[in-house]
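Note: the block below is data.txt and it holds compact mmCIF, C-alpha atoms (C1' of nucleotides).
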# COMPACT_ATOMS: atom_id res chain seq x y z
CA MET A 397 8.68 -7.59 -24.07
CA SER A 398 7.43 -4.03 -23.91
CA ILE A 399 3.94 -4.65 -22.62
CA ASP A 400 1.79 -1.57 -22.92
CA HIS A 401 0.42 -1.02 -19.45
CA ARG A 402 -3.06 0.22 -18.74
CA SER A 403 -1.72 2.74 -16.25
CA GLY A 404 1.22 3.40 -13.95
CA CYS A 405 -0.83 2.79 -10.81
CA PRO A 406 0.92 0.31 -8.49
CA ILE A 407 -2.24 -1.66 -7.82
CA ASN A 408 -3.04 -1.88 -11.50
CA LEU A 409 0.47 -2.97 -12.39
CA SER A 410 0.38 -5.60 -9.66
CA LEU A 411 -2.87 -6.90 -11.09
CA GLU A 412 -1.32 -7.05 -14.53
CA VAL A 413 1.31 -9.35 -13.05
CA PHE A 414 -0.86 -11.78 -11.07
CA GLY A 415 -4.43 -10.65 -11.68
CA ASP A 416 -5.56 -14.01 -12.95
CA ARG A 417 -6.77 -17.26 -11.46
CA TRP A 418 -3.56 -19.24 -11.62
CA SER A 419 -0.36 -17.24 -11.17
CA LEU A 420 -0.71 -16.83 -7.42
CA ILE A 421 -1.78 -20.46 -7.04
CA ILE A 422 1.49 -21.54 -8.63
CA LEU A 423 3.48 -19.19 -6.43
CA ARG A 424 1.56 -20.39 -3.37
CA ASP A 425 2.51 -24.00 -4.13
CA MET A 426 6.13 -23.05 -4.62
CA ILE A 427 6.27 -20.92 -1.47
CA PHE A 428 4.21 -22.96 0.97
CA GLY A 429 4.36 -26.35 -0.67
CA GLY A 430 8.02 -26.27 -1.63
CA LYS A 431 7.20 -27.40 -5.17
CA ARG A 432 9.98 -26.78 -7.68
CA HIS A 433 9.29 -29.11 -10.60
CA PHE A 434 6.73 -28.99 -13.37
CA ARG A 435 5.12 -32.30 -12.40
CA ASP A 436 4.96 -31.37 -8.73
CA LEU A 437 3.05 -28.25 -9.59
CA LEU A 438 0.87 -30.05 -12.12
CA ASN A 439 -0.22 -32.92 -9.90
CA GLY A 440 0.36 -31.52 -6.44
CA SER A 441 -2.18 -28.77 -6.09
CA LEU A 442 -5.81 -29.26 -5.19
CA GLU A 443 -7.06 -26.98 -7.91
CA ARG A 444 -5.90 -29.17 -10.79
CA ILE A 445 -4.23 -26.76 -13.15
CA ALA A 446 -4.04 -27.81 -16.80
CA SER A 447 -0.61 -28.49 -18.18
CA ASN A 448 -0.78 -25.88 -20.94
CA ILE A 449 -1.88 -23.21 -18.48
CA LEU A 450 0.93 -24.19 -16.14
CA ALA A 451 3.49 -24.05 -18.94
CA ASP A 452 2.18 -20.67 -20.04
CA ARG A 453 2.22 -19.20 -16.53
CA LEU A 454 5.70 -20.49 -15.73
CA LYS A 455 6.97 -18.89 -18.91
CA ARG A 456 5.15 -15.68 -18.16
CA LEU A 457 6.37 -15.52 -14.56
CA MET A 458 9.91 -16.02 -15.81
CA GLU A 459 9.56 -13.18 -18.30
CA LEU A 460 8.25 -10.99 -15.51
CA GLY A 461 11.22 -11.80 -13.32
CA MET A 462 9.35 -13.73 -10.65
CA LEU A 463 10.93 -17.11 -11.39
CA THR A 464 14.12 -18.53 -12.78
CA ARG A 465 14.68 -21.91 -14.36
CA ALA A 466 17.71 -24.17 -14.09
CA ASP A 467 18.61 -27.65 -15.20
CA ASP A 468 18.42 -30.35 -12.60
CA PRO A 469 21.79 -32.15 -12.46
CA THR A 470 20.14 -35.41 -11.42
CA HIS A 471 17.95 -35.69 -14.49
CA LYS A 472 18.72 -34.31 -17.92
CA GLN A 473 15.12 -33.44 -18.59
CA LYS A 474 14.22 -32.03 -15.21
CA ALA A 475 14.02 -28.33 -14.66
CA ILE A 476 14.14 -26.64 -11.28
CA TYR A 477 12.16 -23.47 -10.85
CA SER A 478 13.31 -20.95 -8.29
CA LEU A 479 11.64 -17.94 -6.77
CA THR A 480 13.31 -14.58 -7.20
CA GLU A 481 13.43 -11.91 -4.52
CA MET A 482 10.52 -10.27 -6.35
CA ALA A 483 8.37 -13.34 -5.71
CA ILE A 484 9.64 -13.94 -2.18
CA THR A 485 8.47 -10.49 -1.12
CA LEU A 486 4.92 -11.55 -1.93
CA VAL A 487 4.82 -13.45 1.38
CA PRO A 488 3.16 -10.61 3.33
CA ILE A 489 0.56 -10.23 0.59
CA LEU A 490 -0.19 -13.94 0.64
CA ALA A 491 -0.42 -13.82 4.42
CA HIS A 492 -2.94 -10.99 4.28
CA LEU A 493 -4.84 -12.68 1.49
CA GLY A 494 -5.10 -15.86 3.51
CA ALA A 495 -6.18 -13.97 6.61
CA TRP A 496 -8.87 -12.11 4.68
CA GLY A 497 -10.15 -15.28 3.02
CA ARG A 498 -10.28 -17.05 6.35
CA VAL A 499 -12.62 -14.42 7.73
CA TRP A 500 -14.93 -13.93 4.78
CA LEU A 501 -14.94 -17.06 2.68
CA PRO A 502 -15.99 -20.68 3.22
CA VAL A 503 -12.53 -22.04 3.88
CA SER A 504 -11.94 -25.59 5.04
CA GLU A 505 -10.40 -25.98 8.48
CA GLU A 506 -7.42 -28.08 7.47
CA LEU A 507 -6.47 -25.78 4.61
CA SER A 508 -6.81 -22.59 6.62
CA ILE A 509 -4.72 -23.58 9.61
CA ARG A 510 -1.58 -22.45 7.78
CA ALA A 511 -3.12 -19.06 7.14
CA GLU A 512 -4.10 -18.82 10.78
CA LEU A 513 -0.62 -19.67 12.04
CA LEU A 514 0.95 -17.25 9.56
CA GLU A 515 -1.40 -14.49 10.64
CA LYS A 516 -0.69 -15.07 14.33
CA GLY A 517 3.04 -15.17 13.68
CA GLY A 518 2.79 -11.70 12.15
CA PRO A 519 5.54 -9.80 10.34
CA PRO A 520 8.39 -11.42 12.34
CA MET A 521 7.31 -14.85 11.16
CA TRP A 522 6.94 -13.58 7.59
CA GLU A 523 10.47 -12.21 7.68
CA LYS A 524 11.81 -15.50 8.97
CA PHE A 525 9.93 -17.36 6.26
CA MET A 526 11.30 -15.04 3.57
CA ASP A 527 14.82 -15.64 4.84
CA GLU A 528 14.25 -19.37 4.58
CA LEU A 529 13.00 -18.98 1.03
CA ARG A 530 16.05 -16.90 0.16
CA HIS A 531 18.23 -19.68 1.51
CA GLU A 532 16.30 -22.32 -0.40
CA HIS A 533 15.93 -20.52 -3.72
CA LEU A 534 18.73 -17.97 -3.86
CA GLY A 535 21.42 -19.83 -1.95
CA THR A 536 21.91 -17.22 0.73
CA PRO A 537 23.30 -18.45 4.05
CA SER A 538 20.91 -19.41 6.82
CA ASP A 539 21.29 -20.58 10.39
CA THR A 540 17.85 -22.06 10.87
CA PRO A 541 17.92 -25.82 11.53
CA PRO A 542 15.80 -27.74 9.02
CA ASP A 543 13.33 -28.92 11.65
CA ALA A 544 12.54 -25.42 12.93
CA THR A 545 11.58 -23.81 9.65
CA VAL A 546 8.41 -21.84 9.25
CA ARG A 547 7.28 -24.21 6.53
CA ALA A 548 7.76 -27.19 8.87
CA THR A 549 5.78 -25.37 11.56
CA LEU A 550 2.92 -24.69 9.16
CA GLN A 551 3.01 -28.26 7.90
CA ALA A 552 2.93 -29.62 11.46
CA GLY A 553 -0.14 -27.50 12.17
CA TYR A 554 -1.84 -28.83 9.08
CA GLU A 555 -1.11 -32.43 9.96
CA ALA A 556 -2.31 -31.92 13.52
CA VAL A 557 -5.69 -30.75 12.24
CA VAL A 558 -5.95 -33.63 9.81
CA ALA A 559 -5.07 -36.11 12.55
CA ARG A 560 -7.56 -34.61 14.99
CA LYS A 561 -10.36 -34.65 12.46
CA ALA A 562 -9.61 -38.24 11.47
CA ALA A 563 -9.54 -39.38 15.11
CA GLY A 564 -12.53 -37.51 16.43
CA ALA A 565 -15.00 -38.14 13.68
CA GLY A 566 -17.05 -41.22 13.11
CA CYS A 567 -18.41 -40.40 9.72
CA ASP A 568 -19.25 -36.99 8.26
CA ALA A 569 -17.12 -34.66 10.31
CA GLY A 570 -16.37 -32.78 7.12
CA ALA A 571 -19.75 -31.02 7.20
CA MET B 55 -25.58 -19.36 -5.18
CA SER B 56 -23.55 -22.46 -4.34
CA ILE B 57 -20.58 -21.92 -6.61
CA ASP B 58 -18.47 -25.04 -6.76
CA HIS B 59 -15.11 -23.96 -5.48
CA ARG B 60 -11.84 -25.34 -6.71
CA SER B 61 -10.66 -25.87 -3.13
CA GLY B 62 -11.20 -24.62 0.40
CA CYS B 63 -7.80 -22.92 0.53
CA PRO B 64 -8.11 -19.28 1.70
CA ILE B 65 -5.77 -18.00 -0.98
CA ASN B 66 -7.61 -19.88 -3.69
CA LEU B 67 -10.99 -18.68 -2.49
CA SER B 68 -9.73 -15.11 -2.36
CA LEU B 69 -8.54 -15.45 -5.94
CA GLU B 70 -11.93 -16.75 -6.95
CA VAL B 71 -13.40 -13.53 -5.60
CA PHE B 72 -11.06 -10.96 -7.13
CA GLY B 73 -8.59 -12.96 -9.20
CA ASP B 74 -9.31 -11.06 -12.38
CA ARG B 75 -8.16 -7.90 -14.02
CA TRP B 76 -11.03 -5.62 -13.07
CA SER B 77 -12.63 -6.36 -9.71
CA LEU B 78 -9.87 -4.86 -7.60
CA ILE B 79 -9.61 -1.88 -9.95
CA ILE B 80 -13.26 -1.09 -9.29
CA LEU B 81 -12.81 -1.50 -5.55
CA ARG B 82 -9.68 0.65 -5.68
CA ASP B 83 -11.61 3.47 -7.34
CA MET B 84 -14.38 3.22 -4.77
CA ILE B 85 -12.01 3.07 -1.82
CA PHE B 86 -9.34 5.57 -2.82
CA GLY B 87 -11.24 7.61 -5.38
CA GLY B 88 -14.52 7.82 -3.53
CA LYS B 89 -16.44 6.79 -6.65
CA ARG B 90 -19.96 5.57 -5.95
CA HIS B 91 -21.85 5.87 -9.25
CA PHE B 92 -21.73 3.83 -12.42
CA ARG B 93 -20.63 6.77 -14.58
CA ASP B 94 -17.93 7.80 -12.14
CA LEU B 95 -16.44 4.34 -12.28
CA LEU B 96 -16.87 4.11 -16.04
CA ASN B 97 -15.23 7.41 -16.94
CA GLY B 98 -13.14 8.10 -13.88
CA SER B 99 -10.46 5.46 -13.94
CA LEU B 100 -7.32 5.55 -16.01
CA GLU B 101 -7.68 1.99 -17.19
CA ARG B 102 -10.86 2.59 -19.22
CA ILE B 103 -13.09 -0.27 -18.25
CA ALA B 104 -15.81 -1.22 -20.74
CA SER B 105 -19.37 -0.61 -19.64
CA ASN B 106 -20.48 -4.22 -19.99
CA ILE B 107 -17.53 -5.44 -17.92
CA LEU B 108 -18.26 -2.82 -15.28
CA ALA B 109 -21.93 -3.83 -15.12
CA ASP B 110 -20.97 -7.47 -14.88
CA ARG B 111 -18.43 -6.91 -12.10
CA LEU B 112 -20.72 -4.68 -10.06
CA LYS B 113 -23.37 -7.36 -10.20
CA ARG B 114 -20.87 -10.04 -9.31
CA LEU B 115 -19.41 -8.08 -6.41
CA MET B 116 -22.92 -7.54 -5.08
CA GLU B 117 -23.67 -11.26 -5.26
CA LEU B 118 -20.44 -11.94 -3.40
CA GLY B 119 -21.38 -9.52 -0.65
CA MET B 120 -18.67 -6.95 -1.34
CA LEU B 121 -21.02 -4.18 -2.48
CA THR B 122 -24.56 -3.04 -1.93
CA ARG B 123 -26.70 -0.91 -4.19
CA ALA B 124 -29.22 1.77 -3.22
CA ASP B 125 -31.33 4.31 -5.05
CA ASP B 126 -30.03 7.85 -5.08
CA PRO B 127 -32.77 10.14 -3.73
CA THR B 128 -31.53 13.04 -5.85
CA HIS B 129 -31.98 11.27 -9.16
CA LYS B 130 -34.50 8.57 -9.89
CA GLN B 131 -32.17 6.75 -12.21
CA LYS B 132 -29.01 7.04 -10.15
CA ALA B 133 -27.76 4.16 -8.08
CA ILE B 134 -25.31 4.51 -5.21
CA TYR B 135 -22.93 1.65 -4.63
CA SER B 136 -21.59 1.11 -1.14
CA LEU B 137 -18.74 -0.98 0.18
CA THR B 138 -19.54 -3.64 2.73
CA GLU B 139 -17.33 -4.48 5.70
CA MET B 140 -16.03 -7.37 3.64
CA ALA B 141 -14.70 -4.95 1.03
CA ILE B 142 -13.47 -2.38 3.53
CA THR B 143 -11.21 -4.95 5.15
CA LEU B 144 -9.34 -5.25 1.86
CA VAL B 145 -7.53 -1.99 2.70
CA PRO B 146 -4.45 -3.71 4.19
CA ILE B 147 -4.22 -5.97 1.16
CA LEU B 148 -4.43 -3.01 -1.21
CA ALA B 149 -1.80 -1.21 0.84
CA HIS B 150 0.58 -4.17 0.59
CA LEU B 151 -0.20 -4.61 -3.08
CA GLY B 152 0.61 -0.98 -3.74
CA ALA B 153 3.80 -1.17 -1.72
CA TRP B 154 4.93 -4.27 -3.59
CA GLY B 155 4.12 -2.78 -6.98
CA ARG B 156 5.97 0.38 -6.09
CA VAL B 157 9.15 -1.59 -5.47
CA TRP B 158 9.05 -4.01 -8.37
CA LEU B 159 7.04 -2.49 -11.19
CA PRO B 160 7.39 0.58 -13.43
CA VAL B 161 4.97 2.76 -11.51
CA SER B 162 4.54 6.43 -12.32
CA GLU B 163 5.54 8.85 -9.60
CA GLU B 164 2.25 10.70 -9.31
CA LEU B 165 0.21 7.51 -9.11
CA SER B 166 2.43 5.84 -6.57
CA ILE B 167 2.63 8.64 -4.04
CA ARG B 168 -0.62 7.43 -2.47
CA ALA B 169 0.81 3.95 -2.07
CA GLU B 170 3.93 5.41 -0.53
CA LEU B 171 2.01 7.50 2.00
CA LEU B 172 -0.22 4.56 2.86
CA GLU B 173 2.79 2.33 3.36
CA LYS B 174 4.51 4.86 5.60
CA GLY B 175 1.33 5.38 7.59
CA GLY B 176 1.27 1.67 8.36
CA PRO B 177 -1.50 -0.26 10.10
CA PRO B 178 -2.64 2.71 12.23
CA MET B 179 -3.34 4.73 9.10
CA TRP B 180 -5.09 1.76 7.49
CA GLU B 181 -7.35 1.41 10.53
CA LYS B 182 -8.20 5.09 10.43
CA PHE B 183 -8.97 4.84 6.73
CA MET B 184 -11.20 1.83 7.29
CA ASP B 185 -13.09 3.73 9.98
CA GLU B 186 -13.64 6.56 7.54
CA LEU B 187 -14.92 4.16 4.93
CA ARG B 188 -17.29 2.62 7.47
CA HIS B 189 -18.61 6.08 8.23
CA GLU B 190 -18.98 6.90 4.55
CA HIS B 191 -20.46 3.62 3.35
CA LEU B 192 -22.08 2.02 6.39
CA GLY B 193 -23.21 5.12 8.27
CA THR B 194 -21.29 4.40 11.44
CA PRO B 195 -20.44 7.42 13.59
CA SER B 196 -17.10 9.14 13.13
CA ASP B 197 -15.30 12.00 14.80
CA THR B 198 -12.79 12.78 12.07
CA PRO B 199 -13.22 16.25 10.58
CA PRO B 200 -13.70 16.12 6.79
CA ASP B 201 -10.45 17.94 6.08
CA ALA B 202 -8.30 15.53 8.08
CA THR B 203 -9.35 12.30 6.43
CA VAL B 204 -6.85 9.79 5.16
CA ARG B 205 -8.28 10.13 1.67
CA ALA B 206 -7.77 13.91 1.76
CA THR B 207 -4.20 13.36 2.95
CA LEU B 208 -3.50 10.95 0.09
CA GLN B 209 -5.15 13.29 -2.41
CA ALA B 210 -3.10 16.24 -1.16
CA GLY B 211 0.06 14.20 -1.63
CA TYR B 212 -0.97 13.34 -5.16
CA GLU B 213 -1.70 16.95 -6.05
CA ALA B 214 1.58 18.09 -4.58
CA VAL B 215 3.47 15.76 -6.89
CA VAL B 216 1.44 16.84 -9.90
CA ALA B 217 2.04 20.50 -9.07
CA ARG B 218 5.77 19.96 -8.58
CA LYS B 219 6.11 18.12 -11.86
CA ALA B 220 4.09 20.77 -13.71
CA ALA B 221 6.27 23.53 -12.24
CA GLY B 222 9.55 21.86 -13.01
CA ALA B 223 8.79 20.95 -16.60
CA GLY B 224 8.35 23.30 -19.50
CA CYS B 225 5.66 21.82 -21.64
CA ASP B 226 4.66 18.19 -21.71
CA ALA B 227 4.88 17.34 -18.05
CA GLY B 228 2.32 14.65 -18.59
CA ALA B 229 4.81 12.41 -20.32
C1' DG C 392 -42.29 22.54 -23.33
C1' DC C 393 -38.72 20.66 -25.78
C1' DA C 394 -34.18 19.33 -27.11
C1' DA C 395 -29.75 17.99 -25.31
C1' DA C 396 -27.21 15.81 -21.92
C1' DC C 397 -27.05 12.31 -18.68
C1' DC C 398 -28.53 7.83 -16.08
C1' DG C 399 -27.45 2.71 -15.49
C1' DA C 400 -27.12 -0.58 -18.15
C1' DT C 401 -27.77 -4.03 -22.62
C1' DT C 402 -26.80 -5.96 -27.19
C1' DG C 403 -24.02 -7.65 -31.02
C1' DC C 404 -19.84 -9.12 -32.58
C1' DA C 405 -14.85 -10.00 -33.29
C1' DT C 406 -10.87 -11.36 -30.69
C1' DT C 407 -8.57 -13.50 -27.04
C1' DT C 408 -8.15 -16.56 -23.28
C1' DC C 409 -9.44 -20.76 -20.72
C1' DG C 410 -9.93 -25.51 -19.77
C1' DC C 411 -9.66 -30.10 -21.03
C1' DA C 412 -7.83 -34.26 -23.30
C1' DA C 413 -4.64 -36.22 -26.06
C1' DT C 414 -0.14 -36.33 -27.44
C1' DC C 415 4.94 -35.34 -28.13
C1' DA C 416 10.10 -36.38 -28.01
C1' DG C 417 13.51 -37.38 -24.95
C1' DT C 418 15.27 -39.74 -20.28
C1' DT C 419 15.49 -42.96 -16.72
C1' DG C 420 14.84 -47.35 -14.05
C1' DC C 421 14.85 -51.98 -14.35
C1' DG D 228 13.73 -53.15 -24.63
C1' DC D 229 10.03 -51.29 -22.46
C1' DA D 230 7.27 -49.01 -19.13
C1' DA D 231 7.14 -44.98 -16.42
C1' DC D 232 8.30 -40.34 -16.17
C1' DT D 233 10.31 -35.64 -17.81
C1' DG D 234 8.74 -30.75 -19.37
C1' DA D 235 6.00 -29.36 -22.37
C1' DT D 236 2.77 -28.76 -27.08
C1' DT D 237 -1.40 -29.23 -30.02
C1' DG D 238 -6.31 -29.14 -31.18
C1' DC D 239 -10.60 -27.63 -30.12
C1' DG D 240 -15.02 -26.15 -27.93
C1' DA D 241 -16.42 -22.92 -24.38
C1' DA D 242 -16.10 -18.83 -22.03
C1' DA D 243 -14.36 -14.21 -21.18
C1' DT D 244 -12.87 -9.85 -22.95
C1' DG D 245 -12.93 -5.45 -25.49
C1' DC D 246 -15.21 -2.29 -28.28
C1' DA D 247 -18.94 0.37 -30.32
C1' DA D 248 -23.55 1.25 -30.70
C1' DT D 249 -27.77 1.56 -28.53
C1' DC D 250 -31.73 1.42 -25.13
C1' DG D 251 -35.62 3.47 -22.28
C1' DG D 252 -36.01 6.63 -18.97
C1' DT D 253 -34.61 11.24 -16.22
C1' DT D 254 -32.98 15.60 -15.59
C1' DT D 255 -31.16 20.05 -17.06
C1' DG D 256 -30.94 24.27 -19.76
C1' DC D 257 -33.43 27.60 -21.62
Translate the structure described by the file into structure tokens.
Amino acid sequence: MSIDHRSGCPINLSLEVFGDRWSLIILRDMIFGGKRHFRDLLNGSLERIASNILADRLKRLMELGMLTRADDPTHKQKAIYSLTEMAITLVPILAHLGAWGRVWLPVSEELSIRAELLEKGGPPMWEKFMDELRHEHLGTPSDTPPDATVRATLQAGYEAVVARKAAGAGCDAGA
Amino acid sequence: MSIDHRSGCPINLSLEVFGDRWSLIILRDMIFGGKRHFRDLLNGSLERIASNILADRLKRLMELGMLTRADDPTHKQKAIYSLTEMAITLVPILAHLGAWGRVWLPVSEELSIRAELLEKGGPPMWEKFMDELRHEHLGTPSDTPPDATVRATLQAGYEAVVARKAAGAGCDAGA
DNA sequence: GCAAACCGATTGCATTTCGCAATCAGTTGC
DNA sequence: GCAACTGATTGCGAAATGCAATCGGTTTGC
């Protein structure tokens, strides 16, 4: 507890929360990938986080109030991690971050389609997505059918790109 | 060149650019504080960056295409750092980051008034601010009078809070 | 002219964090 | 019973960070 902050500036304090190379990656996988278990996060992401770093960041994000942890009733050792409202409201920031990266950095097509769809959807889509996350992680009621979720839409876009690239390319279409 | 990236995900690539504790602080001071010289950045910010870290980050941000460096004609040793378009387009991200921090973190009132004004101004204000930065750093034409700039507006808001707090409190208003 | 202040860094060094591999104790499926 | 899986933990070399002192050169004050 009682971290001594460098300053009371909002941007600085935000950086003190997730100004490192892994915290936002974990939150990204939970938000967009629907990952909720330690092993999912460990093995699921492309960036190959180390298990000690993952354990440290999960603990830290819990202390900061971004995540909660609960026992999984189906498995005595499993833990389910949930996003808090504090983490769910990062969606617009992640959307902007993805949009910026898509313009300025060497993103791959299949991994940036989600960012593109989220950018085009704009704030209304972000709000809908946040409501879905609240339903999923906080148990609030929702009237969105499971096949019309924002996450399903993003996933469908991703798979369409993957399918198109696989079909259209003889060999090195990745270049 | 040719950094080997962890993945082609836009969010990951963005984090590889400024996923550390200092890069965005430096850009914040250049964007909102108008700092353009090494010493300004070294002594000006509240977070007290070390000179070797500052030198390293300036170099890194130049290599990444976020900053450029030019000789100052008024002083043979002075260097002027300028934002590139790539850095200027971070304004919406910084605005969201400030807005999020203001809600969830223990920000100080005088340092968060800028974030509040920027949030209330919304995208139109961000666009105006980016145009001003383009004029200031890239030399593009601008028709905004110097006393009506977004930065001046934010600064006036800051000073108003400082003045109010100083007036209302007897002695140690800084606390 | 000459010393003091200032300019953008650089160096050395102790501390902390990172990243990787191996491993742990307990749980489940079969 | 045993292999696979659960959320972690440990050890250790490498890298980053933070701090203070310093560098060679430039400008300012007088």
Atom pair atom CA of Ser403 of chain A / atom CA of Lys89 of chain B: separation (Å): 18.0 Å
Chain D contacts to chain B at 12 Å (only C-alpha atoms (C1' of nucleotides)) as an NGL selection string: :D and (243-248 or 251-255)
With all atoms of segment 393-398 of chain C from the file as input, state the centre and edge lengths in Å to one decimal of the axis-aligned box that has 4 Å extra on each side, as AutoDock Vina command-line options.
--center_x -32.9 --center_y 14.2 --center_z -21.6 --size_x 19.7 --size_y 20.8 --size_z 19.0
Long-range neighbours of Phe86 of chain B as a list in words, 9 Å cut-off, all atoms listed in the file, 6 positions minimum in chain: Arg168, Arg205, Leu208 and Gln209 of chain B
Atomic separation - atom CA of Val487 of chain A relative to atom CA of Arg432 of chain A, Å: 16.9 Å
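Across the model, the gap from atom CA of Pro519 of chain A to atom CA of Gly404 of chain A is 28.0 Å.
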Close residues, DA413 of chain C itself excluded, 12 Å, all atoms listed in the file, min 2 positions apart in chain, as number ranges by chain: A: 447; C: 411, 415; D: 236-239
Chain B contacts on chain A, all atoms listed in the file, 9 Å, as a ChimeraX atom specification: /A:401-412,414-418,420-421,424,442-444,482,485-486,488-508,511
Chain C residues near chain B (7 Å cut-off, all atoms listed in the file) as a PyMOL selection string: chain C and resi 398-400
Polymer residues at most 9 Å from Ser538 of chain A, all atoms listed in the file, same-chain spacing of 5 or more positions, as a list in words: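 Final neighbour list, sorted by chain and number: Asp527, Glu528, Arg530 and His531 of chain A.
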